[in-house]
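Next comes my_file_26.cif, a file with mmCIF, C-alpha atoms.
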data_model
#
loop_
_atom_site.label_atom_id
_atom_site.label_comp_id
_atom_site.auth_asym_id
_atom_site.auth_seq_id
_atom_site.Cartn_x
_atom_site.Cartn_y
_atom_site.Cartn_z
CA MET A 29 0.00 0.00 0.00
CA LYS A 30 1.34 3.42 -0.92
CA ILE A 31 0.01 6.76 0.29
CA LYS A 32 1.21 10.17 -0.87
CA ILE A 33 0.90 13.03 1.60
CA LEU A 34 1.21 16.68 0.60
CA ILE A 35 2.10 19.18 3.33
CA SER A 36 1.87 22.73 2.11
CA ALA A 37 2.10 24.92 5.20
CA LEU A 38 3.91 24.89 8.50
CA SER A 39 0.65 25.27 10.37
CA LEU A 40 -0.18 21.71 9.34
CA ALA A 41 2.88 20.33 11.03
CA LEU A 42 1.93 19.20 14.49
CA THR A 43 0.48 22.48 15.71
CA SER A 44 -3.20 21.79 16.27
CA GLN A 45 -4.69 21.15 19.67
CA LEU A 46 -5.08 17.43 20.09
CA ASN A 47 -8.36 17.83 21.93
CA ALA A 48 -9.76 20.08 19.18
CA GLN A 49 -11.31 17.32 17.09
CA ASN A 50 -11.95 18.01 13.43
CA GLU A 51 -12.80 16.37 10.11
CA ALA A 52 -9.68 14.19 10.36
CA ASP A 53 -11.27 12.34 13.28
CA ALA A 54 -14.49 11.87 11.34
CA ILE A 55 -12.55 10.41 8.40
CA ARG A 56 -10.37 8.18 10.55
CA TYR A 57 -13.36 6.45 12.08
CA SER A 58 -15.41 6.39 8.87
CA ALA A 59 -12.88 4.85 6.49
CA GLN A 60 -12.78 1.08 5.98
CA THR A 61 -10.21 -1.15 4.32
CA ILE A 62 -10.88 -4.03 1.96
CA GLY A 63 -11.78 -7.51 3.20
CA SER A 64 -11.10 -9.29 6.43
CA THR A 65 -10.70 -12.98 5.66
CA ALA A 66 -7.90 -14.20 3.40
CA ARG A 67 -10.44 -15.06 0.71
CA SER A 68 -12.12 -11.65 0.78
CA TYR A 69 -8.74 -9.90 0.69
CA GLY A 70 -7.98 -11.89 -2.45
CA LEU A 71 -11.12 -10.48 -4.08
CA ALA A 72 -10.46 -6.94 -2.75
CA GLY A 73 -13.51 -7.25 -0.51
CA ALA A 74 -16.01 -7.77 -3.37
CA PHE A 75 -18.11 -10.21 -1.36
CA GLY A 76 -21.44 -8.43 -1.10
CA SER A 77 -23.23 -11.04 -3.20
CA VAL A 78 -20.78 -13.98 -3.39
CA GLY A 79 -21.51 -15.18 0.14
CA ALA A 80 -20.43 -18.19 2.20
CA ASP A 81 -17.54 -16.31 3.81
CA LEU A 82 -17.22 -14.88 7.31
CA SER A 83 -16.37 -11.46 5.89
CA CYS A 84 -20.01 -11.18 4.74
CA ALA A 85 -21.03 -10.27 8.28
CA ALA A 86 -19.24 -6.92 7.80
CA ILE A 87 -20.30 -6.37 4.16
CA ASN A 88 -23.71 -7.97 3.54
CA PRO A 89 -24.86 -10.34 6.31
CA ALA A 90 -27.30 -12.03 3.91
CA GLY A 91 -24.26 -13.80 2.43
CA MET A 92 -23.91 -15.74 5.69
CA GLY A 93 -27.04 -17.62 4.64
CA ARG A 94 -25.09 -19.41 1.90
CA PHE A 95 -23.16 -21.54 4.37
CA ARG A 96 -24.18 -25.20 4.10
CA LYS A 97 -21.94 -26.41 6.92
CA SER A 98 -20.81 -24.89 10.20
CA GLN A 99 -17.39 -23.28 10.03
CA PHE A 100 -14.67 -21.81 12.21
CA SER A 101 -11.80 -19.86 10.70
CA PHE A 102 -9.22 -17.17 11.27
CA SER A 103 -6.98 -15.24 8.92
CA SER A 104 -3.64 -13.51 9.26
CA SER A 105 -2.18 -10.75 7.14
CA PHE A 106 0.91 -8.63 6.58
CA TYR A 107 0.29 -4.91 6.27
CA ASN A 108 2.93 -2.72 4.66
CA VAL A 109 2.24 0.94 4.02
CA LYS A 110 4.57 3.31 2.21
CA ASN A 111 4.16 7.06 2.56
CA THR A 112 5.77 9.69 0.37
CA THR A 113 5.63 13.16 1.88
CA ALA A 114 6.23 16.40 -0.02
CA TYR A 115 7.13 19.36 2.18
CA ILE A 116 8.37 22.61 0.61
CA ASN A 117 9.06 20.70 -2.61
CA LYS A 118 11.21 18.09 -0.89
CA GLU A 119 10.04 14.47 -0.86
CA LEU A 120 10.79 11.76 1.70
CA ALA A 121 9.54 8.18 1.83
CA ASP A 122 9.03 5.88 4.79
CA LYS A 123 7.39 2.52 5.49
CA LYS A 124 5.45 0.84 8.29
CA PHE A 125 5.04 -2.94 8.58
CA ASN A 126 2.44 -4.71 10.68
CA PHE A 127 1.34 -8.32 11.24
CA ASN A 128 -2.24 -8.81 12.40
CA LEU A 129 -5.26 -11.12 12.57
CA PRO A 130 -7.95 -9.37 10.49
CA ASN A 131 -10.63 -12.03 11.06
CA VAL A 132 -11.59 -14.61 13.67
CA GLY A 133 -15.05 -16.14 13.75
CA PHE A 134 -17.44 -18.99 13.32
CA ALA A 135 -20.75 -19.76 11.66
CA ILE A 136 -23.28 -22.30 12.92
CA VAL A 137 -25.71 -23.68 10.34
CA ILE A 138 -29.14 -24.67 11.62
CA PRO A 139 -31.10 -26.88 9.15
CA GLY A 140 -34.51 -25.64 8.06
CA GLU A 141 -37.58 -27.56 7.02
CA ASP A 142 -36.32 -28.03 3.43
CA TYR A 143 -32.65 -28.64 4.22
CA GLU A 144 -32.60 -32.03 2.48
CA ASN A 145 -34.99 -31.08 -0.30
CA LYS A 146 -33.33 -30.60 -3.71
CA LYS A 147 -36.23 -28.39 -4.78
CA PRO A 148 -37.11 -26.56 -1.58
CA THR A 149 -40.34 -24.63 -1.20
CA GLY A 150 -39.53 -23.05 2.17
CA PHE A 151 -36.56 -22.09 4.32
CA VAL A 152 -33.54 -24.27 3.70
CA SER A 153 -31.33 -23.20 6.59
CA TYR A 154 -30.46 -20.52 9.14
CA THR A 155 -26.98 -19.32 10.07
CA LEU A 156 -25.84 -17.84 13.36
CA GLY A 157 -22.40 -16.29 13.34
CA PHE A 158 -19.93 -14.40 15.51
CA ASN A 159 -17.00 -12.57 13.94
CA MET A 160 -14.23 -10.14 14.58
CA ASN A 161 -13.40 -8.23 11.39
CA ARG A 162 -10.64 -5.62 11.17
CA LEU A 163 -12.22 -2.67 9.37
CA ASN A 164 -9.28 -0.28 9.39
CA ASN A 165 -5.59 -0.67 10.11
CA LEU A 166 -4.26 2.58 11.60
CA HIS A 167 -0.54 1.71 11.51
CA ASN A 168 1.40 4.37 9.65
CA ARG A 169 4.69 6.24 9.62
CA SER A 170 5.87 9.29 7.71
CA LEU A 171 8.80 11.71 7.69
CA TYR A 172 9.31 15.18 6.23
CA ASN A 173 12.30 17.50 6.16
CA ALA A 174 13.14 20.81 4.47
CA VAL A 175 14.68 24.22 4.98
CA ASN A 176 12.03 26.88 5.54
CA SER A 177 12.94 30.50 4.82
CA SER A 178 9.52 32.01 5.42
CA SER A 179 8.16 30.88 8.78
CA SER A 180 9.02 29.29 12.10
CA ILE A 181 6.87 27.13 14.31
CA THR A 182 7.56 29.63 17.11
CA GLN A 183 5.64 32.24 15.13
CA ASN A 184 2.69 29.88 15.05
CA TRP A 185 2.93 29.49 18.82
CA ALA A 186 2.92 33.27 19.22
CA ASP A 187 -0.19 33.52 17.02
CA ARG A 188 -1.91 30.95 19.22
CA ALA A 189 -0.99 32.95 22.32
CA ASN A 190 -2.39 36.12 20.72
CA GLU A 191 -5.72 34.56 19.79
CA PHE A 192 -7.56 35.41 23.01
CA GLY A 193 -5.35 38.16 24.48
CA TYR A 194 -4.55 36.21 27.62
CA THR A 195 -1.81 37.10 30.08
CA PRO A 196 0.73 34.32 30.75
CA ASN A 197 -1.03 33.43 34.00
CA GLU A 198 -4.24 32.82 32.04
CA PHE A 199 -2.78 30.27 29.64
CA SER A 200 -4.15 26.79 30.12
CA ARG A 201 -1.47 24.55 31.58
CA TYR A 202 -2.54 21.96 28.97
CA SER A 203 -1.79 24.30 26.04
CA ILE A 204 1.14 24.68 23.66
CA GLU A 205 1.28 28.44 24.27
CA HIS A 206 1.80 27.80 27.99
CA LEU A 207 4.77 25.54 27.21
CA ALA A 208 6.15 27.91 24.57
CA TYR A 209 6.14 30.86 26.98
CA SER A 210 7.52 28.82 29.87
CA THR A 211 10.41 27.51 27.74
CA TRP A 212 11.28 31.02 26.41
CA ALA A 213 10.28 30.18 22.82
CA ILE A 214 7.86 33.13 22.71
CA ASP A 215 8.14 36.51 24.46
CA LYS A 216 5.86 39.31 25.54
CA ASP A 217 5.61 42.04 22.93
CA THR A 218 6.97 45.00 24.88
CA SER A 219 5.62 47.48 22.33
CA SER A 220 1.99 46.45 22.85
CA PRO A 221 -0.23 48.01 25.56
CA THR A 222 -2.29 44.79 25.69
CA PRO A 223 -1.09 41.20 26.08
CA ARG A 224 0.70 40.30 22.84
CA TYR A 225 3.42 37.78 22.05
CA VAL A 226 6.15 37.35 19.46
CA SER A 227 8.57 34.58 18.52
CA ALA A 228 11.90 34.53 20.36
CA TYR A 229 13.43 35.30 16.96
CA GLY A 230 11.79 38.73 17.16
CA ALA A 231 8.82 40.31 15.42
CA ASN A 232 10.47 40.99 12.04
CA ALA A 233 13.60 38.84 12.13
CA PRO A 234 14.63 36.93 8.99
CA ILE A 235 13.90 33.20 9.21
CA LYS A 236 15.89 30.26 7.91
CA VAL A 237 15.27 27.00 9.77
CA ASN A 238 15.69 23.34 9.03
CA GLN A 239 12.45 21.58 9.92
CA LEU A 240 12.28 17.83 10.50
CA GLY A 241 9.10 16.01 11.42
CA SER A 242 7.94 12.46 12.01
CA LEU A 243 4.54 10.93 12.62
CA LEU A 244 4.05 7.38 13.89
CA THR A 245 0.57 5.95 14.38
CA LYS A 246 -0.70 2.53 15.35
CA GLY A 247 -3.97 0.87 16.21
CA ALA A 248 -7.06 -0.49 14.51
CA ILE A 249 -10.83 -0.39 14.25
CA ASN A 250 -12.28 -3.85 14.84
CA ASP A 251 -15.88 -4.89 14.26
CA TYR A 252 -17.28 -7.50 16.66
CA ASN A 253 -20.64 -8.69 15.44
CA VAL A 254 -23.36 -11.24 15.94
CA SER A 255 -25.14 -12.08 12.72
CA PHE A 256 -28.20 -14.07 11.71
CA ALA A 257 -29.12 -15.11 8.17
CA ALA A 258 -31.80 -17.20 6.48
CA ASN A 259 -31.79 -19.11 3.19
CA TYR A 260 -35.16 -19.26 1.41
CA GLN A 261 -35.38 -21.73 -1.50
CA HIS A 262 -31.72 -21.05 -2.40
CA LYS A 263 -33.00 -17.88 -4.08
CA LEU A 264 -33.58 -15.29 -1.35
CA TYR A 265 -31.15 -14.69 1.49
CA PHE A 266 -31.86 -12.35 4.39
CA GLY A 267 -29.37 -11.25 7.01
CA VAL A 268 -28.87 -8.89 9.92
CA SER A 269 -25.76 -8.13 11.92
CA LEU A 270 -25.47 -6.27 15.22
CA GLY A 271 -21.99 -4.94 15.78
CA ALA A 272 -19.75 -3.24 18.29
CA LYS A 273 -16.72 -1.44 16.85
CA SER A 274 -13.69 -0.98 19.06
CA VAL A 275 -11.22 1.87 18.47
CA ARG A 276 -7.59 1.97 19.52
CA TYR A 277 -5.45 4.72 18.02
CA ILE A 278 -2.07 6.00 19.20
CA SER A 279 -0.21 8.88 17.59
CA ASN A 280 3.36 9.94 18.40
CA SER A 281 4.65 12.93 16.49
CA THR A 282 7.84 14.98 16.70
CA PHE A 283 8.68 18.29 15.05
CA MET A 284 12.20 19.69 15.37
CA GLU A 285 13.35 23.05 14.08
CA THR A 286 17.00 24.18 13.96
CA ASP A 287 18.22 27.68 13.14
CA VAL A 288 20.58 27.54 10.12
CA ARG A 289 21.08 31.27 9.54
CA ASN A 290 24.63 32.55 9.24
CA SER A 291 23.96 35.33 11.70
CA PRO A 292 25.74 36.73 14.80
CA VAL A 293 22.38 37.35 16.49
CA LYS A 294 21.99 35.24 19.61
CA ASP A 295 18.52 33.74 19.86
CA ILE A 296 17.02 30.31 19.26
CA LYS A 297 19.31 27.40 18.52
CA SER A 298 16.59 24.74 18.23
CA VAL A 299 13.07 23.89 19.38
CA GLN A 300 11.29 20.56 19.44
CA LEU A 301 7.61 19.72 19.89
CA ASP A 302 6.53 16.19 20.85
CA GLU A 303 2.84 15.30 20.81
CA TYR A 304 1.19 12.14 22.07
CA VAL A 305 -2.45 11.16 21.76
CA LYS A 306 -4.22 7.92 22.53
CA THR A 307 -7.84 7.36 21.53
CA THR A 308 -9.93 4.46 22.75
CA GLY A 309 -13.65 3.83 22.53
CA LEU A 310 -16.57 1.78 21.35
CA GLY A 311 -19.24 2.28 18.70
CA LEU A 312 -22.49 0.48 17.95
CA ASN A 313 -24.21 -0.14 14.63
CA ALA A 314 -26.34 -2.58 12.64
CA LYS A 315 -26.22 -4.01 9.14
CA MET A 316 -29.08 -5.45 7.12
CA GLY A 317 -28.86 -7.16 3.77
CA ILE A 318 -30.63 -9.17 1.12
CA ASN A 319 -29.31 -11.35 -1.72
CA TYR A 320 -31.30 -12.65 -4.66
CA ALA A 321 -30.26 -15.42 -7.06
CA PRO A 322 -32.57 -15.48 -10.12
CA ASN A 323 -30.63 -18.52 -11.34
CA GLU A 324 -27.58 -20.51 -10.30
CA TYR A 325 -25.16 -18.17 -12.09
CA VAL A 326 -26.30 -14.66 -11.12
CA ARG A 327 -26.33 -13.17 -7.62
CA ILE A 328 -27.53 -9.67 -6.75
CA GLY A 329 -27.27 -8.06 -3.34
CA TYR A 330 -27.99 -4.92 -1.34
CA ALA A 331 -26.95 -4.02 2.21
CA PHE A 332 -27.51 -1.06 4.47
CA HIS A 333 -25.04 -0.16 7.20
CA SER A 334 -26.46 2.15 9.83
CA PRO A 335 -24.39 5.09 11.13
CA THR A 336 -22.00 4.14 13.92
CA VAL A 337 -21.98 6.24 17.08
CA TYR A 338 -18.59 6.08 18.79
CA ASN A 339 -18.03 7.12 22.38
CA LEU A 340 -14.35 8.05 22.43
CA LYS A 341 -11.78 9.11 24.99
CA ASP A 342 -8.61 11.04 24.11
CA SER A 343 -5.65 11.15 26.46
CA TYR A 344 -2.90 13.50 25.31
CA ASN A 345 0.04 15.66 26.25
CA TYR A 346 2.67 17.96 24.71
CA THR A 347 6.38 18.38 25.37
CA ILE A 348 8.53 21.31 24.20
CA ILE A 349 12.34 21.20 24.31
CA THR A 350 14.31 24.38 23.64
CA ALA A 351 17.99 25.24 23.23
CA TYR A 352 19.45 28.74 22.82
CA ASP A 353 22.65 30.33 21.58
CA TYR A 354 25.16 31.08 24.32
CA ASN A 355 24.19 34.24 26.20
CA ALA A 356 20.93 34.69 24.26
CA ARG A 357 18.67 37.14 26.08
CA ASP A 358 14.97 37.97 26.13
CA PRO A 359 13.49 41.53 25.75
CA PHE A 360 13.94 42.08 29.51
CA ASP A 361 17.67 41.18 29.29
CA SER A 362 17.24 37.86 31.09
CA VAL A 363 19.44 35.03 29.83
CA ARG A 364 17.44 32.42 27.93
CA ILE A 365 17.82 28.97 29.44
CA GLY A 366 17.07 25.83 27.49
CA GLN A 367 14.15 23.94 28.93
CA LYS A 368 12.19 20.72 28.63
CA MET A 369 8.59 20.98 29.80
CA SER A 370 5.48 18.83 29.39
CA THR A 371 1.82 19.45 29.94
CA PRO A 372 0.01 17.22 32.42
CA SER A 373 -1.74 14.26 30.81
CA ALA A 374 -5.28 15.30 29.94
CA ILE A 375 -8.42 13.34 29.09
CA TYR A 376 -11.26 14.45 26.86
CA ASN A 377 -14.45 12.51 26.05
CA TYR A 378 -16.52 13.09 22.93
CA LYS A 379 -18.61 11.33 20.28
CA VAL A 380 -18.10 10.70 16.57
CA THR A 381 -20.93 9.52 14.32
CA SER A 382 -19.67 7.90 11.13
CA PRO A 383 -21.89 7.90 8.01
CA ALA A 384 -24.28 5.19 6.84
CA ARG A 385 -23.35 3.01 3.86
CA ASN A 386 -25.33 1.52 1.00
CA VAL A 387 -23.70 -1.47 -0.67
CA PHE A 388 -24.89 -2.66 -4.10
CA SER A 389 -23.37 -5.86 -5.43
CA ILE A 390 -23.53 -8.35 -8.28
CA ALA A 391 -21.66 -11.56 -9.00
CA LEU A 392 -21.46 -14.14 -11.76
CA VAL A 393 -20.71 -17.54 -10.24
CA ASP A 394 -20.03 -20.97 -11.67
CA LYS A 395 -19.33 -23.60 -9.02
CA ASN A 396 -16.87 -25.41 -11.29
CA THR A 397 -15.08 -22.41 -12.81
CA GLY A 398 -15.13 -19.59 -10.27
CA SER A 399 -16.66 -16.14 -9.96
CA ILE A 400 -16.47 -12.49 -10.94
CA ALA A 401 -17.92 -9.99 -8.47
CA MET A 402 -18.37 -6.25 -8.08
CA ASP A 403 -19.45 -4.10 -5.13
CA LEU A 404 -20.38 -0.43 -5.21
CA GLU A 405 -20.42 1.21 -1.80
CA VAL A 406 -22.04 4.65 -1.55
CA VAL A 407 -20.97 6.84 1.40
CA ASN A 408 -21.96 10.37 2.32
CA TYR A 409 -18.98 11.48 4.40
CA ALA A 410 -20.55 14.90 4.90
CA THR A 411 -23.07 13.33 7.31
CA ALA A 412 -20.29 12.49 9.78
CA ASN A 413 -20.69 14.37 13.01
CA LEU A 414 -18.79 15.35 16.13
CA SER A 415 -20.68 15.90 19.37
CA PRO A 416 -19.92 16.32 23.06
CA THR A 417 -20.75 13.84 25.74
CA LYS A 418 -23.37 14.86 28.28
CA ALA A 419 -20.62 15.83 30.70
CA ASN A 420 -19.06 18.22 28.15
CA ALA A 421 -22.27 19.44 26.49
CA ALA A 422 -22.12 22.84 28.20
CA ASP A 423 -18.46 23.40 27.25
CA TYR A 424 -18.29 22.81 23.52
CA ALA A 425 -20.79 22.05 20.75
CA PHE A 426 -18.40 21.34 17.81
CA THR A 427 -20.41 23.75 15.63
CA GLU A 428 -17.41 25.01 13.64
CA GLU A 429 -15.98 21.53 13.19
CA ASN A 430 -19.27 20.13 11.88
CA LEU A 431 -19.63 23.02 9.45
CA ARG A 432 -16.15 22.19 8.16
CA ILE A 433 -17.17 18.56 7.74
CA ARG A 434 -20.19 19.63 5.67
CA SER A 435 -18.13 21.96 3.49
CA LEU A 436 -14.99 19.84 3.01
CA LEU A 437 -16.13 16.23 2.82
CA ASN A 438 -17.56 14.36 -0.14
CA SER A 439 -21.32 13.80 0.02
CA SER A 440 -21.41 11.14 -2.71
CA ALA A 441 -18.28 9.00 -2.51
CA ILE A 442 -18.49 5.68 -4.37
CA ASN A 443 -16.06 2.95 -3.33
CA LEU A 444 -15.52 0.31 -6.01
CA ARG A 445 -14.42 -3.28 -5.37
CA ILE A 446 -13.92 -5.86 -8.13
CA GLY A 447 -12.73 -9.41 -7.60
CA ALA A 448 -12.36 -12.69 -9.46
CA GLU A 449 -11.73 -16.28 -8.39
CA TYR A 450 -10.65 -19.09 -10.71
CA ILE A 451 -11.01 -22.76 -9.72
CA MET A 452 -8.51 -25.31 -10.99
CA ASP A 453 -8.80 -28.71 -9.34
CA ASN A 454 -7.98 -28.14 -5.65
CA TYR A 455 -6.44 -24.71 -6.22
CA ARG A 456 -8.00 -21.27 -6.13
CA PHE A 457 -6.52 -18.25 -7.90
CA ARG A 458 -7.83 -14.85 -6.85
CA ALA A 459 -7.32 -11.26 -7.93
CA GLY A 460 -8.97 -8.02 -6.90
CA TYR A 461 -9.01 -4.28 -7.42
CA ALA A 462 -10.39 -1.63 -5.08
CA ARG A 463 -10.73 2.10 -5.56
CA ASN A 464 -11.62 4.28 -2.59
CA PRO A 465 -11.70 7.97 -3.61
CA SER A 466 -10.73 10.65 -1.13
CA PRO A 467 -13.37 11.54 1.45
CA TYR A 468 -12.56 15.20 0.70
CA LYS A 469 -14.19 17.16 -2.07
CA ASN A 470 -11.93 17.96 -5.00
CA GLY A 471 -9.58 20.75 -3.99
CA ALA A 472 -11.09 21.18 -0.53
CA VAL A 473 -7.97 20.16 1.41
CA TYR A 474 -5.60 22.35 -0.53
CA ARG A 475 -7.79 25.44 -0.39
CA ASP A 476 -8.16 24.94 3.36
CA TRP A 477 -4.43 24.58 3.89
CA GLU A 478 -3.24 27.48 1.78
#
Would you kindly transcribe this structure into structure tokens?
Amino acid sequence: MKIKILISALSLALTSQLNAQNEADAIRYSAQTIGSTARSYGLAGAFGSVGADLSCAAINPAGMGRFRKSQFSFSSSFYNVKNTTAYINKELADKKFNFNLPNVGFAIVIPGEDYENKKPTGFVSYTLGFNMNRLNNLHNRSLYNAVNSSSSITQNWADRANEFGYTPNEFSRYSIEHLAYSTWAIDKDTSSPTPRYVSAYGANAPIKVNQLGSLLTKGAINDYNVSFAANYQHKLYFGVSLGAKSVRYISNSTFMETDVRNSPVKDIKSVQLDEYVKTTGLGLNAKMGINYAPNEYVRIGYAFHSPTVYNLKDSYNYTIITAYDYNARDPFDSVRIGQKMSTPSAIYNYKVTSPARNVFSIALVDKNTGSIAMDLEVVNYATANLSPTKANAADYAFTEENLRIRSLLNSSAINLRIGAEYIMDNYRFRAGYARNPSPYKNGAVYRDWE
């Protein structure tokens, strides 16, 4: 897997409040990867109408009705993601490898009244299943590095400090501006009659800094579900799945900036910002599906996935490390002293509602030759929503963030999955293709970042 990341402004680089959730959180918990079992991975997850695979519980539970015998299975996978980052026209590549178990589950087949009948007139069988399907692998790593001659991260910290006109004593002890002021990276603006702050480089000083950043993430979204399906005359299949989705996401990011000016001015030597966030939680949803087989070769399916409401908890903290040129002084002629300071660990609870999904599928199947299948999954990412818990309802309503979700995210994304399986004696050969377009509207990200 290869992902290309474009970073076009310093303000993107590890400077946002971790407890200020935004559209990135909505996307993270709305996106899904292909497949879960080894067989469904081989077909790129195009299993909406093929059936008889444990992955159907997460795609179209009606497919569980095609099991003729009880089954237990698990799958393992290797996940390798390559990121190429472009920062100030300089590209860097990095990789992240992960081994995981994307599916564990079983299906119990309960014979119906026409189980032994070759030409059934009623229900043939019922299937009860329990599965764990990995919906999204959140392991990732990326690096970026370039010389920036236009802006410093310390200027961003000063802008944050100026936003509300607080005095230093009024800064939240959980905030970056509190750390920046306490580690001498920003100063009071002595020319202002009201509380104002400037970078330790000075208000109008020339900037030339080498900026190096890294972002390491790990975790997953797993879907634990109980499913029930029925087989009627080998033509109609009905299924429902009740699921609980667990979230575990950890992000460690580092941004280091070193002054590379050839200047006798004594000020900042280097600054470093480390950010840590851990998100855990649980979401609930339901899936309903139907499959129809007009003959033994054609299978048509439809499934509806309800929105998932996640109750999430973020724990996070920041650390700033500063170093200064020998005998560097602040505007009050005090010697700047390099510091390492961290915010206390903080916890914030909130909710994310991921969008509903409509899955349309068709497959051509020959039991002796194999199958060709296609799924179209329609998602309205703009219906994702952030909301406070009852305990935080009076503090923050996420109005601005939800307006950004409506304006930036795609309201009619269509995810395409195509797969084929060829049978040759006791061997199976599989191939698949999946296309998941960006959840963002065309151009929305770049306009927002510029």
Expected residue set, 7 Å radius at (4.2, 12.5, 13.5), all atoms listed in the file, as number ranges by chain: A: 170, 241-244, 280-282
Expected selection from the PyMOL selection byres ((chain A and resi 150-155) around 7), given as a ChimeraX atom specification: /A:92-93,135-143,148-149,156-157,256-261
Polymer residues at most 10 Å from (-22.7, 21.3, 15.8) by all atoms listed in the file, as a list in words: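 Output of the proximity query reads Asn413, Leu414, Ser415, Pro416, Tyr424, Ala425, Phe426, Thr427, Glu428, Glu429, Asn430 and Leu431 of chain A.
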Picked residues, the PyMOL selection byres ((chain A and resi 350) around 7), as a list of chain:residue names: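 Answer for the PyMOL selection byres ((chain A and resi 350) around 7): A:Thr211, A:Ser298, A:Val299, A:Gln300, A:Ile348, A:Ile349, A:Ala351, A:Tyr352, A:Gly366, A:Gln367, A:Lys368.
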One-decimal distance in Å that lies between atom CA of A:Asn377 and atom CA of A:Leu270: 24.3 Å
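Counting from atom CA of A:Ser279, the distance to atom CA of A:Asn345 is 11.0 Å.
Reported to one decimal place, the separation of atom CA of A:Ser104 from atom CA of A:Asn128 is 5.8 Å.
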Could you build a table of the residues in stretch 255-317 of chain A lying no more than 6 Å from stretch 78-89 of chain A, giving for each the nearest pair of atoms and their separation in Å rounded to one decimal place, using all atoms listed in the file, ordered by chain and ascending residue number, as JSON lines?
{"residue": "A:Gly267", "atom": "CA", "partner": "A:Pro89", "partner_atom": "CA", "distance": 4.7}
{"residue": "A:Val268", "atom": "CA", "partner": "A:Pro89", "partner_atom": "CA", "distance": 5.6}
{"residue": "A:Gly317", "atom": "CA", "partner": "A:Asn88", "partner_atom": "CA", "distance": 5.2}
Counting all atoms listed in the file, the option among A:Gln60, A:Ser103, A:Asn355, A:Ser362 closest to A:Phe134: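 Among A:Gln60, A:Ser103, A:Asn355, A:Ser362, it is A:Ser103 that comes nearest to A:Phe134.
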Counting all atoms listed in the file, the option among A:Arg385, A:Lys146, A:Lys97, A:Lys294 closest to A:Gly230: A:Lys294
Residue among A:Val337, A:Ile433, A:Leu71, A:Ala186 lying closest to A:Val380, counting all atoms listed in the file: A:Val337
Residue nearest A:Phe266 among A:Ser370, A:Tyr450, A:Ile390, A:Ser77 (counting all atoms listed in the file): A:Ser77
Picked residues, the PyMOL selection byres ((chain A and resi 116-120) around 9), as a VMD selection string: chain A and resid 35 to 37 111 to 115 121 to 122 170 to 176
A:Pro130 surroundings by only C-alpha atoms, 7 Å radius, close-in-sequence under 4 positions cut, as JSON, numbers by chain: {"A": [64, 65, 103, 104, 105, 161, 162]}
Could you give me the centre and size, in Å to one decimal, of an axis-aligned box around all listed atoms of stretch 388-394 of chain A with 4 Å added on every side, as lines of an AutoDock Vina configuration file?
center_x = -22.5
center_y = -11.8
center_z = -7.9
size_x = 12.9
size_y = 26.3
size_z = 15.7
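The smallest atom-to-atom distance between A:Glu198 and any of A:Pro223, A:Phe360, A:Lys147, A:Lys315, using all atoms listed in the file, is found for A:Pro223.
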Within 12 Å of A:Asn454 using all atoms listed in the file, minus same-chain residues under 3 positions, as an NGL selection string: :A and (396-397 or 450-451 or 457)
Mind completing stretch 190-197 of chain A with N, CA, C and O atoms? Output as a short mmCIF file (atom, residue, chain, number, x, y, z; two decimals), keeping the file's coordinate frame, please?
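That gives us part.cif:
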data_model
loop_
_atom_site.label_atom_id
_atom_site.label_comp_id
_atom_site.auth_asym_id
_atom_site.auth_seq_id
_atom_site.Cartn_x
_atom_site.Cartn_y
_atom_site.Cartn_z
N ASN A 190 -1.72 34.84 20.95
CA ASN A 190 -2.39 36.12 20.72
C ASN A 190 -3.88 35.97 20.45
O ASN A 190 -4.61 36.97 20.43
N GLU A 191 -4.34 34.76 20.24
CA GLU A 191 -5.72 34.56 19.79
C GLU A 191 -6.75 35.14 20.75
O GLU A 191 -7.74 35.75 20.32
N PHE A 192 -6.54 34.96 22.04
CA PHE A 192 -7.56 35.41 23.01
C PHE A 192 -7.08 36.56 23.89
O PHE A 192 -7.82 37.01 24.76
N GLY A 193 -5.84 37.03 23.69
CA GLY A 193 -5.35 38.16 24.48
C GLY A 193 -5.13 37.85 25.94
O GLY A 193 -5.29 38.72 26.81
N TYR A 194 -4.76 36.60 26.23
CA TYR A 194 -4.55 36.21 27.62
C TYR A 194 -3.19 36.69 28.12
O TYR A 194 -2.22 36.82 27.36
N THR A 195 -3.10 36.93 29.43
CA THR A 195 -1.81 37.10 30.08
C THR A 195 -1.20 35.72 30.29
O THR A 195 -1.91 34.70 30.24
N PRO A 196 0.11 35.63 30.54
CA PRO A 196 0.73 34.32 30.75
C PRO A 196 0.07 33.50 31.85
O PRO A 196 -0.02 32.28 31.75
N ASN A 197 -0.39 34.16 32.89
CA ASN A 197 -1.03 33.43 34.00
C ASN A 197 -2.37 32.83 33.59
O ASN A 197 -2.89 31.93 34.29
#
